[in-house]
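S.K.: Quick one: the structure is below, and I'll ask about it shortly.
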Amino acid sequence: MSTSDAKTTQSVPSSKAPTAQQPETYKETIISIVIAFTMAFVFRGFVIEAFVIPTGSMAPTLMGAHMQFRGTSTGVEWPVGASQPIRGGDGTAYADPHIGISVQDPISGQVLPAENRRLFAGDRILVLKYLYAIQEPKRFDVIVFKNPTDPQQNYIKRLIGLPGEQIALADGDVFVRTEQNAALPTGDTPEDRAALWAQSGWKIARKDIITQRTVWQRVYDSEFAPLPQTGGSDIVGPWQPMQAAGWKIEPRTYRYSNPGETQLVFNQTLRRTGAEAEPRARQLSWRINDIYPYNEASGWQQVFNVSDVRVRCGYKPEGSARSIGMLLSTRGHEFRAIIGAGGDKAEIAWRKPVGGAGVKGDWETLTTAPITPLVAGQEYNIEFWHVDQSVQIWLDGKKLAQAEYDWSPAQRMEFVTGRPLAKVLANQSITGINALTNPDLYSPCDVRLVFGASNDSSGAGGFTLHRVGLDRDLFYQPASKNGGRGAAALATNPFHPLLLGPDQFFACGDNSPASLDGRLWDNVDPWVEEQYPSTAPGGSRTGVVPRDLLLGRAFFVYWPSLTKNAGSRSSGTGSGAAPVPMPDFGRMRMIW
């Protein structure tokens with residue numbers, strides 16, 4: 001092609017050249033908006049819908065209206081619910097939940113000065129609607145459903161009972177029986193009722209790993225121990241050595257320099273600093289119980305000892321062939337879990353009660369697993385679990401060994417209380433107040449970290465510990481209805497058993513002491529009762545959720561903790577007014 005041809009070709013307008021865009025008409029704009037809104041409503045109605053958490057029944061997994069606190073000497077942050085009554089530092093109840101609030105640091109025990117606090121709204125969550133139309137609900141899902149006592153209300157709880165199951169809540173754990181011939185007893189004597197929880201086929205419902213890690217509740221963590229420069233020089237944490245020789249206990253680092261054996265005991269009787277001078281009841285020691293700091297502003301509810309715990313630490317051995325383990329004494333038994341037993345294995349063992357009170361038999365090995373010996377100078381993340389009738393050993397996020405034991409609810413209560421269940425129920429009739437709500441019945445647990453001797457003759461057999469913490473599991477409390485004056489709460493006592501029909505579910509809140517859930521409902525909306533009668537012989541109508549009332553599964557907190565009263569009544573000290581409402585994006589999270 002010649003140059004002139006090229007010029008001629010370039011001078012001819014292309015048929016594909018862009019033309020001027022016509023301005024969008026009002027009609028097209030309106031059509032676009034209508035389509036967008038239609039798609040949004042369809043999506044909201046059938047796929048995902050947003051909800052706001054109003055109360056603290058699922059706290060701290062999901063938070064309702066609350067206040068945020070930060071320890072002045074520990075740096076730890078924690079929420080406190082804003083449900084009534086709210087009490088100030090002088091013990092006076094206030095109608096306004098953010099006036100003069102005084103709380104106790106859950107790590108140090110220090111009492112924070114009373115001051116005004118901003119109120120945060122509840123978490124905003126996303127719910128997969130109609131998920132259960134295509135798949136069956138799973139135990140421990142966090143579900144949203146219509147309240148069977150008032151279908152105009154939406155509730156959010158954790159699903160713990162499935163269709164066709166008998167459910168028993170014993171010593172805070174969930175027990176399930178699915179025998180086809182499951183039947184409720186006809187007799188009303190304590191022996192008859194105790195026999196229900198002693199039947200064959202009972203199994204404990206163990207949580208999956210993700211859910212279990214989500215619901216651990218912190219009791220103590222040396223990572224937040226007060227430092228001297230923060231005013232915490234007189235505060236001593238609960239981890240105490242059995243013998244002081246060789247130990248150097250600093251606020252956040254524990255060092256041991258000897259090659260011999262030693263132990264750290266979690267001292268539950270040590271009183272927290274400043275608690276003695278308080279005009280109202282506070283948590284005076286680091287007892288392993290089901291107290292929630294979230295509930296402090298409205299006053300502690302009944303408190304029960306908890307023996308499902310996790311002990312964790314960062315462990316750095318300085319010598320060779322040293323072992324680390326947990327020794328747990330609870331429910332009449334002793335449990336031992338060791339990493340480095342014999343140098344190259346993980347081992348779980350127990351001792352059963354024999355003879356008189358407190359007498360134990362010989363150690364019985366439940367399981368062992370080979371491991372690579374721990375290397376001097378390397379830091380390891382160690383976890384020992386005793387949860388849901390199992391003992392587990394974790395190293396750097398990997399499970400090394402697990403041993404399970406299976407007791408019925410009746411056996412569990414006998415080991416916890418030291419008496420046969422029928423004797424505990426002896427003074428209770430079918431309409432009587434729940435005999436299992438007496439916290440004194442529940443034996444505490446003794447927890448220790450144990451360290452085996454090093455074979456390093458040079459004496460370099462010590463080790464260093466960081467982040468030494470203890471967490472406890474959820475504890476589904478026994479209760480009585482009508483504010484503790486009525487019949488036993490559903491499934492928490494064999495006098496008021498729970499048998500679910502083919503399309504019935506049972507749900508409870510993570511914040512068990514402050515949750516109005518299936519245990520405590522005492523009526524059914526007439527429409528719900530007419531539409532969804534129980535189809536199980538002897539089954540329950542109250543306390544259960546019919547399948548058709550399930551709205552979906554909560555899966556994400558997309559807009560957490562929006563400041564509710566920015567710029568309102570603030571002292572300007574510590575929690576001053578926020579200029580604009582701001583969500584806490586750092587707490588956006590999946591829901592498990």
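Residues in the structure tokens are named by chain (A, B, ... in the order shown) and by number from 1 within that chain; ligands are numbered from 1 in the order shown.
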I'd like to know which residues of region 68-236 of chain A are strand (DSSP E) (by DSSP, run on the backbone); could you write them as a VMD selection string?
M.R.: chain A and resid 68 to 70 77 to 81 86 to 87 93 to 94 124 to 129 142 to 147 150 to 161 166 to 170 173 to 177 202 to 204 217 to 221
S.K.: Can you check which parts of region 137-229 of chain A lie within 10 Å of region 509-527 of chain A? Per residue, the shortest pair of atoms and distance in Å to one decimal, counting only C-alpha atoms, sorted by chain and number, as a Markdown table.
M.R.:
```
| residue | atom | partner | partner_atom | distance |
| --- | --- | --- | --- | --- |
| A:Val142 | CA | A:Gly509 | CA | 9.2 |
| A:Asn147 | CA | A:Asp525 | CA | 8.9 |
| A:Pro148 | CA | A:Val524 | CA | 5.8 |
| A:Thr149 | CA | A:Val524 | CA | 4.6 |
| A:Asp150 | CA | A:Asp525 | CA | 5.9 |
| A:Pro151 | CA | A:Asp525 | CA | 7.4 |
| A:Tyr155 | CA | A:Asp517 | CA | 8.9 |
| A:Ile156 | CA | A:Gly509 | CA | 7.8 |
| A:Lys157 | CA | A:Gly509 | CA | 4.9 |
| A:Arg158 | CA | A:Gly509 | CA | 5.8 |
| A:Leu159 | CA | A:Gly509 | CA | 8.8 |
| A:Ile160 | CA | A:Gly509 | CA | 9.8 |
| A:Leu169 | CA | A:Arg519 | CA | 9.6 |
| A:Gly172 | CA | A:Ser512 | CA | 9.5 |
| A:Val215 | CA | A:Asp510 | CA | 7.9 |
```
S.K.: Please identify all polymer residues within 6 Å of region 361-373 of chain A, counting only C-alpha atoms, omitting same-chain residues fewer than 5 positions from it, and present them as a PyMOL selection string.
M.R.: chain A and resi 343-352+354
S.K.: Could you check which of A:Val528, A:Val416, A:Ile204, A:Ala403 is closest to Thr542 (chain A), using only C-alpha atoms?
M.R.: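 Under the stated criterion, the closest residue is A:Val528.
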S.K.: Looking only at helix (DSSP H, G or I) from DSSP on the backbone, list the matching residues of region 222-372 of chain A as a PyMOL selection string.
M.R.: chain A and resi 222-224+228-230+275-277+293-298
S.K.: Could you check which of A:Val309, A:Leu327, A:Val391, A:Val76 is closest to Ser222 (chain A), using only C-alpha atoms?
M.R.: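 Checking each of A:Val309, A:Leu327, A:Val391, A:Val76 against Ser222 (chain A), counting only C-alpha atoms, the winner is A:Val76.
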S.K.: Which residues are close to Ser257 (chain A), i.e. within 10 Å by only C-alpha atoms, leaving aside same-chain residues fewer than 5 positions away? Reply as a PyMOL selection string.
M.R.: chain A and resi 245-248+318-319+459-464
S.K.: Write out, as a JSON list (two decimals), in the first residue's frame, the residues just selected, with C-alpha atoms.
M.R.:
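Contents of part_11.json, freshly written:
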```json
[["chain", "number", "residue", "atom", "x", "y", "z"],
["A", 245, "ALA", "CA", 13.13, -22.35, 95.26],
["A", 246, "GLY", "CA", 14.31, -21.85, 91.69],
["A", 247, "TRP", "CA", 11.38, -19.64, 90.66],
["A", 248, "LYS", "CA", 11.44, -15.99, 89.63],
["A", 318, "GLU", "CA", 16.43, -24.36, 78.46],
["A", 319, "GLY", "CA", 17.60, -27.92, 79.08],
["A", 459, "GLY", "CA", 22.11, -27.65, 85.64],
["A", 460, "ALA", "CA", 20.75, -25.88, 82.57],
["A", 461, "GLY", "CA", 17.42, -27.54, 83.10],
["A", 462, "GLY", "CA", 15.23, -24.51, 83.57],
["A", 463, "PHE", "CA", 12.53, -22.97, 81.41],
["A", 464, "THR", "CA", 10.61, -19.76, 80.80]]
```
S.K.: Work out how far CA of Ala194 (chain A) is from CA of Ala410 (chain A), in Å to one decimal.
M.R.: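 Distance between the two atoms: 6.7 Å.
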